[in-house]
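Heads up: the structure comes next, in structure tokens.
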Amino acid sequence: MNTEKATFAGGCFWCMVKPFDSLPGIESVVSGYTGGDMPNPTYEQVCSNRTGHVEAVQITYQPDLFPYEKLLDVFWTQIDPTDAGGQFFDRGSSYQPVIFVHDEKQREAAEKSKRELDASGRFSKPIAVEIRDAKPFYPAEDYHQDYYKKNPAHYNRYNQGSGRASFIEKNWGDQL
């Protein structure tokens with residue numbers, strides 16, 4: 001089967017793995033860092049907001065089973081697309097939402113999806129998510145991988161306490 005990569009930053013990468021992890025055609029969802037120029041950054045370096053990197057997930061998927069456009073639909077329902085300063089409890093440039101595109105086809109799909117969301121009237125503020133060219137992706141430390149599986153109680157508390165879960169329910173509950 002043909003596979004492709006999709007890379008999304010939506011705040012804390014712990015919360016961005018689970019929504020994609022069990023979808024048909026998804027081969028892997030890796031937490032990591034991208035967007036900056038520092039090679040092989042650590043979590044502490046990225047959290048300093050001085051590396052240019054953001055926390056992100058890189059998804060290896062089979063486009064014949066789950067097209068990129070559907071991945072975009074999932075992405076939008078997991079974030080506050082009007083907040084460029086971070087996501088929910090997590091603030092700063094390392095938590096900003098970004099769609100990293102790997103080719104022109106992804107760019108066109110991402111831009112179309114963003115325009116459609118902006119025109120939908122679902123949000124009273126403009127969509128602030130940037131669309132950037134993909135840069136090298138560095139997997140995060142092992143303890144960050146599959147965090148929702150390894151630490152379900154902490155993950156659930158964080159997802160609720162950060163405000164992410166209530167935002168998603170309020171704004172996307174009709175589509176989940």
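By order in the structure tokens, chains are A, B, ...; within a chain, residues start at 1; ligands start at 1, following the order shown.
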
From a DSSP pass on the backbone, collect the residues of chain A flagged as strand (DSSP E or B) and hand them back as a PDB file with N, CA and C atoms, in the first residue's frame.
ATOM      1  N   GLU A   4       1.795   8.035   2.784  1.00  0.00           N
ATOM      2  CA  GLU A   4       2.231   9.418   2.751  1.00  0.00           C
ATOM      3  C   GLU A   4       2.370   9.912   4.182  1.00  0.00           C
ATOM      4  N   LYS A   5       2.949  11.101   4.322  1.00  0.00           N
ATOM      5  CA  LYS A   5       3.114  11.732   5.637  1.00  0.00           C
ATOM      6  C   LYS A   5       2.237  12.975   5.711  1.00  0.00           C
ATOM      7  N   ALA A   6       1.691  13.216   6.888  1.00  0.00           N
ATOM      8  CA  ALA A   6       0.978  14.449   7.205  1.00  0.00           C
ATOM      9  C   ALA A   6       1.530  14.928   8.537  1.00  0.00           C
ATOM     10  N   THR A   7       1.723  16.234   8.672  1.00  0.00           N
ATOM     11  CA  THR A   7       2.296  16.775   9.900  1.00  0.00           C
ATOM     12  C   THR A   7       1.447  17.944  10.384  1.00  0.00           C
ATOM     13  N   PHE A   8       0.992  17.832  11.627  1.00  0.00           N
ATOM     14  CA  PHE A   8       0.118  18.844  12.219  1.00  0.00           C
ATOM     15  C   PHE A   8       0.623  19.235  13.599  1.00  0.00           C
ATOM     16  N   ALA A   9       0.606  20.539  13.874  1.00  0.00           N
ATOM     17  CA  ALA A   9       0.875  21.046  15.214  1.00  0.00           C
ATOM     18  C   ALA A   9      -0.439  21.609  15.743  1.00  0.00           C
ATOM     19  N   ILE A  26      -4.332   4.518   9.065  1.00  0.00           N
ATOM     20  CA  ILE A  26      -3.260   5.203   9.798  1.00  0.00           C
ATOM     21  C   ILE A  26      -2.250   4.152  10.248  1.00  0.00           C
ATOM     22  N   GLU A  27      -1.038   4.297   9.793  1.00  0.00           N
ATOM     23  CA  GLU A  27       0.008   3.343  10.153  1.00  0.00           C
ATOM     24  C   GLU A  27       0.748   3.740  11.421  1.00  0.00           C
ATOM     25  N   SER A  28       0.967   5.048  11.601  1.00  0.00           N
ATOM     26  CA  SER A  28       1.631   5.499  12.822  1.00  0.00           C
ATOM     27  C   SER A  28       1.344   6.973  13.050  1.00  0.00           C
ATOM     28  N   VAL A  29       1.386   7.346  14.330  1.00  0.00           N
ATOM     29  CA  VAL A  29       1.288   8.739  14.739  1.00  0.00           C
ATOM     30  C   VAL A  29       2.432   8.962  15.731  1.00  0.00           C
ATOM     31  N   VAL A  30       3.379   9.812  15.348  1.00  0.00           N
ATOM     32  CA  VAL A  30       4.584  10.031  16.150  1.00  0.00           C
ATOM     33  C   VAL A  30       4.570  11.457  16.677  1.00  0.00           C
ATOM     34  N   SER A  31       4.785  11.606  17.969  1.00  0.00           N
ATOM     35  CA  SER A  31       4.946  12.928  18.588  1.00  0.00           C
ATOM     36  C   SER A  31       6.358  13.417  18.339  1.00  0.00           C
ATOM     37  N   GLY A  32       6.489  14.713  18.037  1.00  0.00           N
ATOM     38  CA  GLY A  32       7.827  15.233  17.803  1.00  0.00           C
ATOM     39  C   GLY A  32       7.859  16.732  17.662  1.00  0.00           C
ATOM     40  N   TYR A  33       8.955  17.196  17.084  1.00  0.00           N
ATOM     41  CA  TYR A  33       9.233  18.618  16.971  1.00  0.00           C
ATOM     42  C   TYR A  33       9.579  18.940  15.521  1.00  0.00           C
ATOM     43  N   THR A  34       9.086  20.074  15.040  1.00  0.00           N
ATOM     44  CA  THR A  34       9.390  20.492  13.679  1.00  0.00           C
ATOM     45  C   THR A  34       9.174  21.990  13.530  1.00  0.00           C
ATOM     46  N   VAL A  54       7.859  23.607  16.962  1.00  0.00           N
ATOM     47  CA  VAL A  54       6.582  23.425  17.640  1.00  0.00           C
ATOM     48  C   VAL A  54       6.415  21.948  17.954  1.00  0.00           C
ATOM     49  N   GLU A  55       5.603  21.665  18.963  1.00  0.00           N
ATOM     50  CA  GLU A  55       5.211  20.283  19.206  1.00  0.00           C
ATOM     51  C   GLU A  55       4.248  19.899  18.096  1.00  0.00           C
ATOM     52  N   ALA A  56       4.454  18.737  17.523  1.00  0.00           N
ATOM     53  CA  ALA A  56       3.643  18.313  16.381  1.00  0.00           C
ATOM     54  C   ALA A  56       3.493  16.794  16.380  1.00  0.00           C
ATOM     55  N   VAL A  57       2.603  16.331  15.519  1.00  0.00           N
ATOM     56  CA  VAL A  57       2.491  14.897  15.261  1.00  0.00           C
ATOM     57  C   VAL A  57       2.735  14.674  13.776  1.00  0.00           C
ATOM     58  N   GLN A  58       3.448  13.591  13.483  1.00  0.00           N
ATOM     59  CA  GLN A  58       3.634  13.195  12.094  1.00  0.00           C
ATOM     60  C   GLN A  58       2.924  11.861  11.900  1.00  0.00           C
ATOM     61  N   ILE A  59       2.033  11.866  10.933  1.00  0.00           N
ATOM     62  CA  ILE A  59       1.169  10.731  10.678  1.00  0.00           C
ATOM     63  C   ILE A  59       1.605  10.062   9.382  1.00  0.00           C
ATOM     64  N   THR A  60       1.827   8.763   9.440  1.00  0.00           N
ATOM     65  CA  THR A  60       2.042   7.973   8.234  1.00  0.00           C
ATOM     66  C   THR A  60       0.715   7.302   7.940  1.00  0.00           C
ATOM     67  N   TYR A  61       0.194   7.546   6.749  1.00  0.00           N
ATOM     68  CA  TYR A  61      -1.155   7.077   6.435  1.00  0.00           C
ATOM     69  C   TYR A  61      -1.241   6.569   5.003  1.00  0.00           C
ATOM     70  N   GLY A  86      -0.900  29.779  20.945  1.00  0.00           N
ATOM     71  CA  GLY A  86      -0.789  28.523  21.675  1.00  0.00           C
ATOM     72  C   GLY A  86      -2.125  27.818  21.602  1.00  0.00           C
ATOM     73  N   GLN A  87      -2.289  26.809  22.406  1.00  0.00           N
ATOM     74  CA  GLN A  87      -3.542  26.080  22.419  1.00  0.00           C
ATOM     75  C   GLN A  87      -3.929  25.775  23.859  1.00  0.00           C
ATOM     76  N   ASP A  90      -1.678  25.658  27.134  1.00  0.00           N
ATOM     77  CA  ASP A  90      -0.292  25.766  26.680  1.00  0.00           C
ATOM     78  C   ASP A  90      -0.110  26.999  25.812  1.00  0.00           C
ATOM     79  N   ARG A  91       0.763  27.891  26.238  1.00  0.00           N
ATOM     80  CA  ARG A  91       0.965  29.163  25.554  1.00  0.00           C
ATOM     81  C   ARG A  91       2.389  29.240  25.010  1.00  0.00           C
ATOM     82  N   VAL A  98      -0.204  24.723  13.493  1.00  0.00           N
ATOM     83  CA  VAL A  98       0.370  24.846  12.152  1.00  0.00           C
ATOM     84  C   VAL A  98       0.048  23.576  11.364  1.00  0.00           C
ATOM     85  N   ILE A  99      -0.259  23.742  10.103  1.00  0.00           N
ATOM     86  CA  ILE A  99      -0.335  22.618   9.174  1.00  0.00           C
ATOM     87  C   ILE A  99       0.956  22.662   8.358  1.00  0.00           C
ATOM     88  N   PHE A 100       1.754  21.611   8.439  1.00  0.00           N
ATOM     89  CA  PHE A 100       2.988  21.505   7.669  1.00  0.00           C
ATOM     90  C   PHE A 100       2.699  20.646   6.441  1.00  0.00           C
ATOM     91  N   VAL A 101       2.861  21.231   5.267  1.00  0.00           N
ATOM     92  CA  VAL A 101       2.530  20.508   4.040  1.00  0.00           C
ATOM     93  C   VAL A 101       3.778  19.912   3.411  1.00  0.00           C
ATOM     94  N   GLU A 130      -1.423  28.699  10.658  1.00  0.00           N
ATOM     95  CA  GLU A 130      -0.497  28.885   9.541  1.00  0.00           C
ATOM     96  C   GLU A 130      -0.372  27.594   8.749  1.00  0.00           C
ATOM     97  N   ILE A 131      -0.082  27.755   7.460  1.00  0.00           N
ATOM     98  CA  ILE A 131       0.240  26.632   6.586  1.00  0.00           C
ATOM     99  C   ILE A 131       1.669  26.871   6.119  1.00  0.00           C
ATOM    100  N   ARG A 132       2.558  25.932   6.466  1.00  0.00           N
ATOM    101  CA  ARG A 132       3.979  26.086   6.161  1.00  0.00           C
ATOM    102  C   ARG A 132       4.503  24.841   5.465  1.00  0.00           C
ATOM    103  N   ASP A 133       5.604  25.003   4.760  1.00  0.00           N
ATOM    104  CA  ASP A 133       6.280  23.845   4.178  1.00  0.00           C
ATOM    105  C   ASP A 133       6.834  22.974   5.302  1.00  0.00           C
ATOM    106  N   PHE A 137      11.515  16.591  10.718  1.00  0.00           N
ATOM    107  CA  PHE A 137      10.709  16.218  11.877  1.00  0.00           C
ATOM    108  C   PHE A 137      11.584  15.365  12.794  1.00  0.00           C
ATOM    109  N   TYR A 138      11.603  15.729  14.076  1.00  0.00           N
ATOM    110  CA  TYR A 138      12.418  15.016  15.060  1.00  0.00           C
ATOM    111  C   TYR A 138      11.499  14.360  16.077  1.00  0.00           C
ATOM    112  N   PRO A 139      11.469  13.026  16.118  1.00  0.00           N
ATOM    113  CA  PRO A 139      10.614  12.363  17.115  1.00  0.00           C
ATOM    114  C   PRO A 139      10.965  12.817  18.532  1.00  0.00           C
TER     115      PRO A 139
END

**Report entry** DSSP helix (DSSP H, G or I) residues within chain A, as JSON, numbers by chain
**Finding:** {"A": [14, 15, 16, 17, 18, 19, 20, 21, 43, 44, 45, 46, 47, 68, 69, 70, 71, 72, 73, 74, 75, 76, 93, 94, 95, 104, 105, 106, 107, 108, 109, 110, 111, 112, 113, 114, 115, 116, 117, 118, 119, 120, 142, 143, 144, 147, 148, 149, 150, 152, 153, 154, 155, 156, 157, 158, 159, 160, 161, 164, 165, 166, 167, 168, 169, 170, 171, 172, 173, 174, 175]}

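The space between atom CA of Pro97 of chain A and atom CA of Gly10 of chain A spans 4.4 Å.
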
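Near Asp146 of chain A, within 12 Å and counting only C-alpha atoms, sit Phe13, Trp14, Cys15, Met16, Val17, Lys18, Pro19, Phe20, Asp21, Ser22, Ser28, Val29, Val30, Ser31, Gly32, Val57, Pro139, Ala140, Glu141, Asp142, Lys150, Asn151, Pro152 and Tyr155 of chain A; same-chain residues fewer than 4 positions away were not included.
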
How would the residues just picked look written out with C-alpha atoms as a PDB file, in the first residue's frame?
ATOM      1  CA  PHE A  13       1.264  16.708  21.090  1.00  0.00           C
ATOM      2  CA  TRP A  14      -0.062  14.308  23.739  1.00  0.00           C
ATOM      3  CA  CYS A  15      -3.575  15.438  22.822  1.00  0.00           C
ATOM      4  CA  MET A  16      -3.021  15.231  19.079  1.00  0.00           C
ATOM      5  CA  VAL A  17      -2.134  11.523  18.892  1.00  0.00           C
ATOM      6  CA  LYS A  18      -5.306   9.841  20.107  1.00  0.00           C
ATOM      7  CA  PRO A  19      -7.744  11.435  17.604  1.00  0.00           C
ATOM      8  CA  PHE A  20      -5.744  10.039  14.659  1.00  0.00           C
ATOM      9  CA  ASP A  21      -4.398   6.816  16.167  1.00  0.00           C
ATOM     10  CA  SER A  22      -7.220   4.391  15.461  1.00  0.00           C
ATOM     11  CA  SER A  28       1.631   5.499  12.822  1.00  0.00           C
ATOM     12  CA  VAL A  29       1.288   8.739  14.739  1.00  0.00           C
ATOM     13  CA  VAL A  30       4.584  10.031  16.150  1.00  0.00           C
ATOM     14  CA  SER A  31       4.946  12.928  18.588  1.00  0.00           C
ATOM     15  CA  GLY A  32       7.827  15.233  17.803  1.00  0.00           C
ATOM     16  CA  VAL A  57       2.491  14.897  15.261  1.00  0.00           C
ATOM     17  CA  PRO A 139      10.614  12.363  17.115  1.00  0.00           C
ATOM     18  CA  ALA A 140      10.125  13.352  20.740  1.00  0.00           C
ATOM     19  CA  GLU A 141      11.565  11.399  23.619  1.00  0.00           C
ATOM     20  CA  ASP A 142      10.108   7.908  24.183  1.00  0.00           C
ATOM     21  CA  LYS A 150       0.949   4.865  28.792  1.00  0.00           C
ATOM     22  CA  ASN A 151      -0.557   7.377  31.245  1.00  0.00           C
ATOM     23  CA  PRO A 152      -4.333   7.377  30.665  1.00  0.00           C
ATOM     24  CA  TYR A 155      -3.740  12.272  29.943  1.00  0.00           C
TER      25      TYR A 155
END

Requested in this report: Would you list the contacts of Arg122 of chain A as a list in words, taking every protein, DNA or RNA residue within 12 Å and counting only C-alpha atoms, but skipping same-chain residues closer than 2 positions in sequence?
Outcome: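 So the residues in contact are Trp76, Thr77, Asp80, Pro81, Thr82, Glu116, Leu117, Asp118, Ala119, Ser120, Ser124, Lys125, Pro126, Ile127, Lys170, Asn171, Trp172 and Asp174 of chain A.
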
Query - Of the listed residues A:Phe88, A:Tyr43, A:Tyr95, A:Tyr68, that which approaches Gln160 of chain A most closely, counting only C-alpha atoms - result: A:Phe88

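Closest approach to Asp37 of chain A from the set A:Pro136, A:Val129, A:Phe123, A:Thr3 is made by A:Pro136, with distances taken over only C-alpha atoms.
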
If you count only C-alpha atoms, which residues fall within 9 Å of Phe66 of chain A, apart from same-chain ones fewer than 6 positions away, as a tab-separated table (two decimals) with N, CA and C atoms, in the first residue's frame?
chain	number	residue	atom	x	y	z
A	23	LEU	N	-7.77	5.53	13.39
A	23	LEU	CA	-8.51	5.70	12.14
A	23	LEU	C	-8.03	4.69	11.10
A	24	PRO	N	-8.91	4.30	10.18
A	24	PRO	CA	-8.51	3.33	9.15
A	24	PRO	C	-7.41	3.92	8.25
A	25	GLY	N	-6.42	3.13	7.95
A	25	GLY	CA	-5.36	3.58	7.07
A	25	GLY	C	-4.24	4.33	7.75
A	26	ILE	N	-4.33	4.52	9.06
A	26	ILE	CA	-3.26	5.20	9.80
A	26	ILE	C	-2.25	4.15	10.25

Query raised in the report: Neighbours of Gly36 of chain A within 6 Å (only C-alpha atoms; same-chain residues fewer than 6 positions away dropped), as a ChimeraX atom specification?
Result: /A:51-53
